[in-house]
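The data block below is final-v6.tsv; it holds TSV, C-alpha atoms.
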chain	number	residue	atom	x	y	z
O	1	MET	CA	0.00	0.00	0.00
O	2	THR	CA	1.12	3.54	-0.64
O	3	ARG	CA	0.02	6.88	0.81
O	4	ASN	CA	-0.57	8.12	-2.75
O	5	ILE	CA	-3.77	6.07	-3.01
O	6	ILE	CA	-6.64	7.91	-1.30
O	7	ARG	CA	-8.49	4.73	-0.33
O	8	ASP	CA	-5.42	3.67	1.68
O	9	LEU	CA	-5.54	6.83	3.81
O	10	PRO	CA	-7.42	6.93	7.11
O	11	VAL	CA	-10.96	8.17	6.50
O	12	SER	CA	-10.22	11.37	8.44
O	13	GLU	CA	-7.40	12.23	6.02
O	14	ARG	CA	-9.25	11.58	2.77
O	15	PRO	CA	-9.90	14.91	0.99
O	16	TYR	CA	-13.55	14.19	0.12
O	17	GLU	CA	-14.41	13.08	3.64
O	18	LYS	CA	-12.45	15.99	5.18
O	19	CYS	CA	-14.42	18.41	3.04
O	20	GLN	CA	-17.72	16.89	4.11
O	21	ALA	CA	-16.71	16.94	7.77
O	22	SER	CA	-15.23	20.42	8.10
O	23	GLY	CA	-15.75	22.27	4.82
O	24	PRO	CA	-13.38	23.08	1.94
O	25	ALA	CA	-11.51	25.80	3.87
O	26	GLY	CA	-9.71	23.12	5.86
O	27	LEU	CA	-8.25	21.43	2.77
O	28	THR	CA	-4.82	22.06	1.30
O	29	ASP	CA	-4.47	23.16	-2.33
O	30	ALA	CA	-3.58	19.60	-3.31
O	31	GLU	CA	-6.57	18.18	-1.44
O	32	LEU	CA	-8.95	20.64	-3.12
O	33	LEU	CA	-7.67	19.60	-6.53
O	34	ALA	CA	-7.89	15.93	-5.57
O	35	VAL	CA	-11.58	16.32	-4.72
O	36	ILE	CA	-12.20	17.80	-8.17
O	37	LEU	CA	-10.09	15.20	-9.98
O	38	ARG	CA	-11.74	12.35	-8.01
O	39	THR	CA	-9.48	9.63	-9.46
O	40	GLY	CA	-5.86	9.16	-10.31
O	41	THR	CA	-4.22	6.34	-12.21
O	42	ARG	CA	-3.22	2.79	-11.35
O	43	GLY	CA	-0.64	3.07	-8.58
O	44	GLN	CA	-1.12	6.81	-8.16
O	45	GLY	CA	-4.09	8.42	-6.47
O	46	ALA	CA	-5.77	11.74	-7.14
O	47	LEU	CA	-3.84	13.39	-4.31
O	48	GLU	CA	-0.47	12.64	-5.86
O	49	THR	CA	-1.78	13.69	-9.27
O	50	ALA	CA	-2.88	16.98	-7.71
O	51	ARG	CA	0.58	17.51	-6.23
O	52	GLN	CA	2.16	17.02	-9.65
O	53	ILE	CA	-0.22	19.59	-11.14
O	54	LEU	CA	0.79	22.06	-8.44
O	55	GLU	CA	4.44	21.47	-9.31
O	56	LEU	CA	3.64	22.58	-12.86
O	57	CYS	CA	1.85	25.62	-11.43
O	58	ALA	CA	4.75	26.59	-9.16
O	59	PRO	CA	6.53	28.94	-11.64
O	60	TYR	CA	3.30	30.98	-11.82
O	61	GLY	CA	2.91	31.37	-8.07
O	62	GLY	CA	1.04	28.18	-7.17
O	63	LEU	CA	-2.65	27.90	-7.97
O	64	LEU	CA	-2.40	30.92	-10.28
O	65	GLY	CA	-0.81	28.50	-12.73
O	66	LEU	CA	-4.28	27.13	-13.47
O	67	TYR	CA	-4.89	30.38	-15.38
O	68	HIS	CA	-1.78	29.91	-17.49
O	69	LEU	CA	-1.27	26.21	-18.21
O	70	THR	CA	-2.51	24.86	-21.54
O	71	PHE	CA	-4.32	21.60	-22.21
O	72	SER	CA	-1.09	20.00	-23.43
O	73	GLU	CA	0.78	21.12	-20.31
O	74	PHE	CA	-1.89	19.66	-18.02
O	75	GLN	CA	-1.69	16.42	-19.99
O	76	LYS	CA	1.99	16.04	-19.16
O	77	VAL	CA	0.79	14.77	-15.77
O	78	SER	CA	0.06	11.05	-15.71
O	79	GLY	CA	-3.68	10.45	-15.61
O	80	ILE	CA	-4.69	13.84	-17.03
O	81	GLY	CA	-6.51	13.37	-20.32
O	82	ASP	CA	-8.87	15.58	-22.26
O	83	VAL	CA	-11.67	15.48	-19.68
O	84	LYS	CA	-9.55	16.38	-16.65
O	85	ALA	CA	-7.55	18.98	-18.58
O	86	THR	CA	-10.87	20.60	-19.47
O	87	GLN	CA	-12.00	20.50	-15.84
O	88	LEU	CA	-8.79	22.15	-14.67
O	89	SER	CA	-9.07	24.89	-17.29
O	90	CYS	CA	-12.64	25.56	-16.22
O	91	ILE	CA	-11.58	26.10	-12.60
O	92	GLY	CA	-9.66	29.23	-13.58
O	93	GLU	CA	-12.51	30.52	-15.72
O	94	LEU	CA	-15.01	29.98	-12.89
O	95	ALA	CA	-12.76	31.92	-10.51
O	96	LYS	CA	-12.63	34.86	-12.93
O	97	ARG	CA	-16.39	34.91	-13.40
O	98	MET	CA	-17.08	34.64	-9.68
O	99	SER	CA	-14.76	37.56	-9.02
O	100	ARG	CA	-16.44	39.69	-11.68
O	101	SER	CA	-19.92	38.86	-10.37
O	102	ARG	CA	-19.09	40.61	-7.08
O	103	THR	CA	-19.17	43.91	-8.94
O	104	THR	CA	-22.21	44.44	-11.15
O	105	ARG	CA	-22.06	46.55	-14.27
O	106	GLU	CA	-24.30	49.10	-12.59
O	107	GLN	CA	-21.73	49.55	-9.82
O	108	ALA	CA	-18.55	49.19	-11.84
O	109	PHE	CA	-18.30	52.15	-14.16
O	110	HIS	CA	-18.78	55.04	-11.77
O	111	SER	CA	-15.31	54.93	-10.20
O	112	PRO	CA	-11.78	53.75	-11.09
O	113	GLU	CA	-11.98	51.25	-8.21
O	114	GLY	CA	-15.20	49.78	-9.61
O	115	VAL	CA	-13.78	49.42	-13.12
O	116	ALA	CA	-10.61	47.79	-11.79
O	117	ALA	CA	-12.59	45.37	-9.63
O	118	TYR	CA	-14.78	44.37	-12.58
O	119	PHE	CA	-11.87	43.55	-14.88
O	120	MET	CA	-9.13	42.58	-12.43
O	121	GLU	CA	-9.36	38.78	-12.42
O	122	GLU	CA	-9.96	38.61	-16.14
O	123	MET	CA	-7.01	40.79	-17.13
O	124	ARG	CA	-4.34	40.48	-14.44
O	125	HIS	CA	-3.31	37.00	-15.61
O	126	ARG	CA	-2.95	37.83	-19.31
O	127	GLU	CA	0.52	37.04	-20.62
O	128	LYS	CA	0.32	39.75	-23.30
O	129	GLU	CA	-0.78	43.35	-23.04
O	130	GLU	CA	-4.40	43.78	-24.07
O	131	LEU	CA	-5.98	47.19	-24.60
O	132	ARG	CA	-9.76	47.46	-24.25
O	133	ALA	CA	-12.32	50.20	-24.70
O	134	VAL	CA	-15.55	50.32	-22.69
O	135	PHE	CA	-18.37	52.41	-24.17
O	136	LEU	CA	-20.90	54.10	-21.86
O	137	ASP	CA	-24.22	55.89	-22.36
O	138	THR	CA	-25.36	59.28	-21.02
O	139	LYS	CA	-25.93	57.83	-17.53
O	140	GLY	CA	-22.58	56.07	-17.42
O	141	HIS	CA	-24.10	52.65	-18.04
O	142	PHE	CA	-22.22	49.94	-19.90
O	143	ILE	CA	-23.00	49.61	-23.62
O	144	LYS	CA	-20.17	47.61	-25.16
O	145	GLU	CA	-16.62	46.40	-24.53
O	146	ILE	CA	-14.14	45.77	-27.35
O	147	VAL	CA	-10.51	44.64	-27.58
O	148	LEU	CA	-8.47	47.25	-29.46
O	149	SER	CA	-5.06	45.56	-29.55
O	150	VAL	CA	-3.18	42.56	-28.19
O	151	GLY	CA	0.57	42.48	-27.68
O	152	THR	CA	1.46	46.10	-27.04
O	153	VAL	CA	-0.05	49.49	-26.29
O	154	ASN	CA	1.68	51.62	-28.88
O	155	GLU	CA	0.71	55.12	-29.97
O	156	ALA	CA	1.51	54.25	-33.58
O	157	LEU	CA	-0.78	51.22	-33.53
O	158	ILE	CA	-3.77	52.65	-31.65
O	159	SER	CA	-5.99	54.69	-33.95
O	160	PRO	CA	-8.34	57.14	-32.21
O	161	ARG	CA	-10.31	57.17	-35.46
O	162	GLU	CA	-11.16	53.47	-35.10
O	163	ILE	CA	-11.97	53.89	-31.41
O	164	PHE	CA	-14.39	56.72	-32.04
O	165	LEU	CA	-15.94	55.07	-35.09
O	166	ASP	CA	-16.88	52.19	-32.79
O	167	ALA	CA	-18.05	54.65	-30.12
O	168	LEU	CA	-20.34	56.35	-32.64
O	169	LYS	CA	-21.55	52.99	-33.92
O	170	TYR	CA	-22.74	52.07	-30.41
O	171	GLN	CA	-23.99	55.60	-29.67
O	172	ALA	CA	-21.60	56.01	-26.74
O	173	VAL	CA	-21.11	59.38	-25.09
O	174	SER	CA	-18.02	58.43	-23.09
O	175	ILE	CA	-15.20	55.89	-23.10
O	176	ILE	CA	-12.96	54.18	-20.58
O	177	LEU	CA	-9.68	52.63	-21.76
O	178	LEU	CA	-7.89	49.94	-19.81
O	179	HIS	CA	-5.03	47.58	-20.37
O	180	ASN	CA	-2.92	45.16	-18.37
O	181	HIS	CA	0.79	45.00	-17.62
O	182	PRO	CA	1.89	41.32	-17.62
O	183	SER	CA	4.82	42.27	-15.36
O	184	GLY	CA	2.29	42.98	-12.61
O	185	ASP	CA	3.54	46.57	-12.20
O	186	PRO	CA	0.82	49.04	-13.28
O	187	GLU	CA	3.12	52.05	-13.43
O	188	PRO	CA	2.33	53.84	-16.74
O	189	SER	CA	4.98	54.00	-19.44
O	190	GLU	CA	5.64	57.06	-21.58
O	191	GLU	CA	3.79	55.29	-24.40
O	192	ASP	CA	0.77	54.73	-22.15
O	193	VAL	CA	0.61	58.45	-21.41
O	194	LEU	CA	1.02	59.40	-25.10
O	195	VAL	CA	-1.81	57.08	-26.15
O	196	THR	CA	-4.05	58.49	-23.42
O	197	LYS	CA	-3.44	62.13	-24.37
O	198	ARG	CA	-3.92	61.41	-28.05
O	199	VAL	CA	-7.30	59.75	-27.46
O	200	THR	CA	-8.31	62.51	-25.02
O	201	ARG	CA	-7.64	65.22	-27.65
O	202	ALA	CA	-9.57	63.34	-30.31
O	203	GLY	CA	-12.49	62.82	-27.94
O	204	ILE	CA	-12.72	66.56	-27.21
O	205	LEU	CA	-13.01	67.31	-30.92
O	206	ILE	CA	-15.70	64.68	-31.47
O	207	GLY	CA	-17.60	65.31	-28.25
O	208	ILE	CA	-17.05	61.85	-26.73
O	209	ALA	CA	-15.16	62.06	-23.45
O	210	LEU	CA	-12.36	59.73	-22.40
O	211	LEU	CA	-13.28	59.33	-18.73
O	212	ASP	CA	-10.22	57.37	-17.65
O	213	HIS	CA	-7.45	55.00	-18.68
O	214	LEU	CA	-6.74	52.26	-16.15
O	215	ILE	CA	-3.68	50.04	-16.08
O	216	ILE	CA	-4.24	46.65	-14.45
O	217	GLY	CA	-1.34	45.10	-12.56
O	218	ASP	CA	-1.14	42.05	-10.31
O	219	ASN	CA	-4.08	42.70	-7.99
O	220	CYS	CA	-3.46	46.45	-8.23
O	221	TYR	CA	-4.16	49.23	-10.69
O	222	ILE	CA	-3.40	52.83	-11.60
O	223	SER	CA	-5.92	55.36	-12.88
O	224	LEU	CA	-4.38	57.94	-15.22
O	225	LYS	CA	-7.25	60.27	-14.36
O	226	GLU	CA	-6.32	60.10	-10.66
O	227	ARG	CA	-2.73	60.75	-11.70
O	228	GLY	CA	-3.84	63.89	-13.53
O	229	LEU	CA	-2.65	62.54	-16.89
O	230	LEU	CA	-5.87	62.90	-18.89

Represent the structure contained in this file as structure tokens.
Amino acid sequence: MTRNIIRDLPVSERPYEKCQASGPAGLTDAELLAVILRTGTRGQGALETARQILELCAPYGGLLGLYHLTFSEFQKVSGIGDVKATQLSCIGELAKRMSRSRTTREQAFHSPEGVAAYFMEEMRHREKEELRAVFLDTKGHFIKEIVLSVGTVNEALISPREIFLDALKYQAVSIILLHNHPSGDPEPSEEDVLVTKRVTRAGILIGIALLDHLIIGDNCYISLKERGLL
């Protein structure tokens, strides 16, 4: 017998039974994953499989790796096929959606803090910079969100014309820009400031206000409006 097989553990130490007895808060990261995986492979239980998954996640800061690992990377672990790789990918997506649901659209777009809270879990784990525009109506309510660029926020690549054509298409009266910094540091670059000022000037001419430009870091953000850079 080996400790890697859950059925060989004392009942009090089995993840599923521990969860039933005292709730999921008392489980380790590996035990939580083992409950979701349910089974391992011959000679290796779900708990050991979970530990191997966490080893793959380690370079990303532990459980945060579930946001970053691909299907093929999950499948490097013995016993992880298409079904379990899909389950593991869905855990990260559920976490993002649960986080976003704490802040409703009605609450989100009236303050930099609300906007950051609404987008934080979705954008902070992106491995490339992604610039988005959020279009709002006369009461500051959400109309539409679009992705403007992926890979870099560059003044030469961001066309205010295209941004405001979309804004007019959706009958928006104001815009919020936001993008992420994969480094986790939200401090604005010179290029970030140039893009913001360029869009601000264009918006004044057209009559569609740029309300803010937020930069999302690792569980933190910076508002260029609060910095006085609009």

* If we count all atoms listed in the file, what is near segment 58-72 of chain O at a cut-off of 12 Å, once residues fewer than 5 positions away on the same chain are taken out, given as a ChimeraX atom specification? -> /O:28-30,32-33,50-53,77-78,80-96,121-128,182-183,218

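Note that atom CA of Pro186 of chain O and atom CA of Tyr221 of chain O are 5.6 Å apart.
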
* To do: Rank nothing, just name the residue among O:Gly23, O:Gly151, O:Pro112, O:Gly207 nearest to Glu129 of chain O, using only C-alpha atoms.
  => O:Gly151

* Using only C-alpha atoms, find the one residue out of O:His213, O:Arg38, O:Arg227, O:Arg97 that sits nearest to Val134 of chain O. => O:His213

* Asked: When you draw a straight line from atom CA of Gly184 of chain O to atom CA of Ile163 of chain O, how long is it in Å?
  -> 26.0 Å

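Straight-line separation from atom CA of Pro15 of chain O to atom CA of Gly79 of chain O: 18.3 Å.
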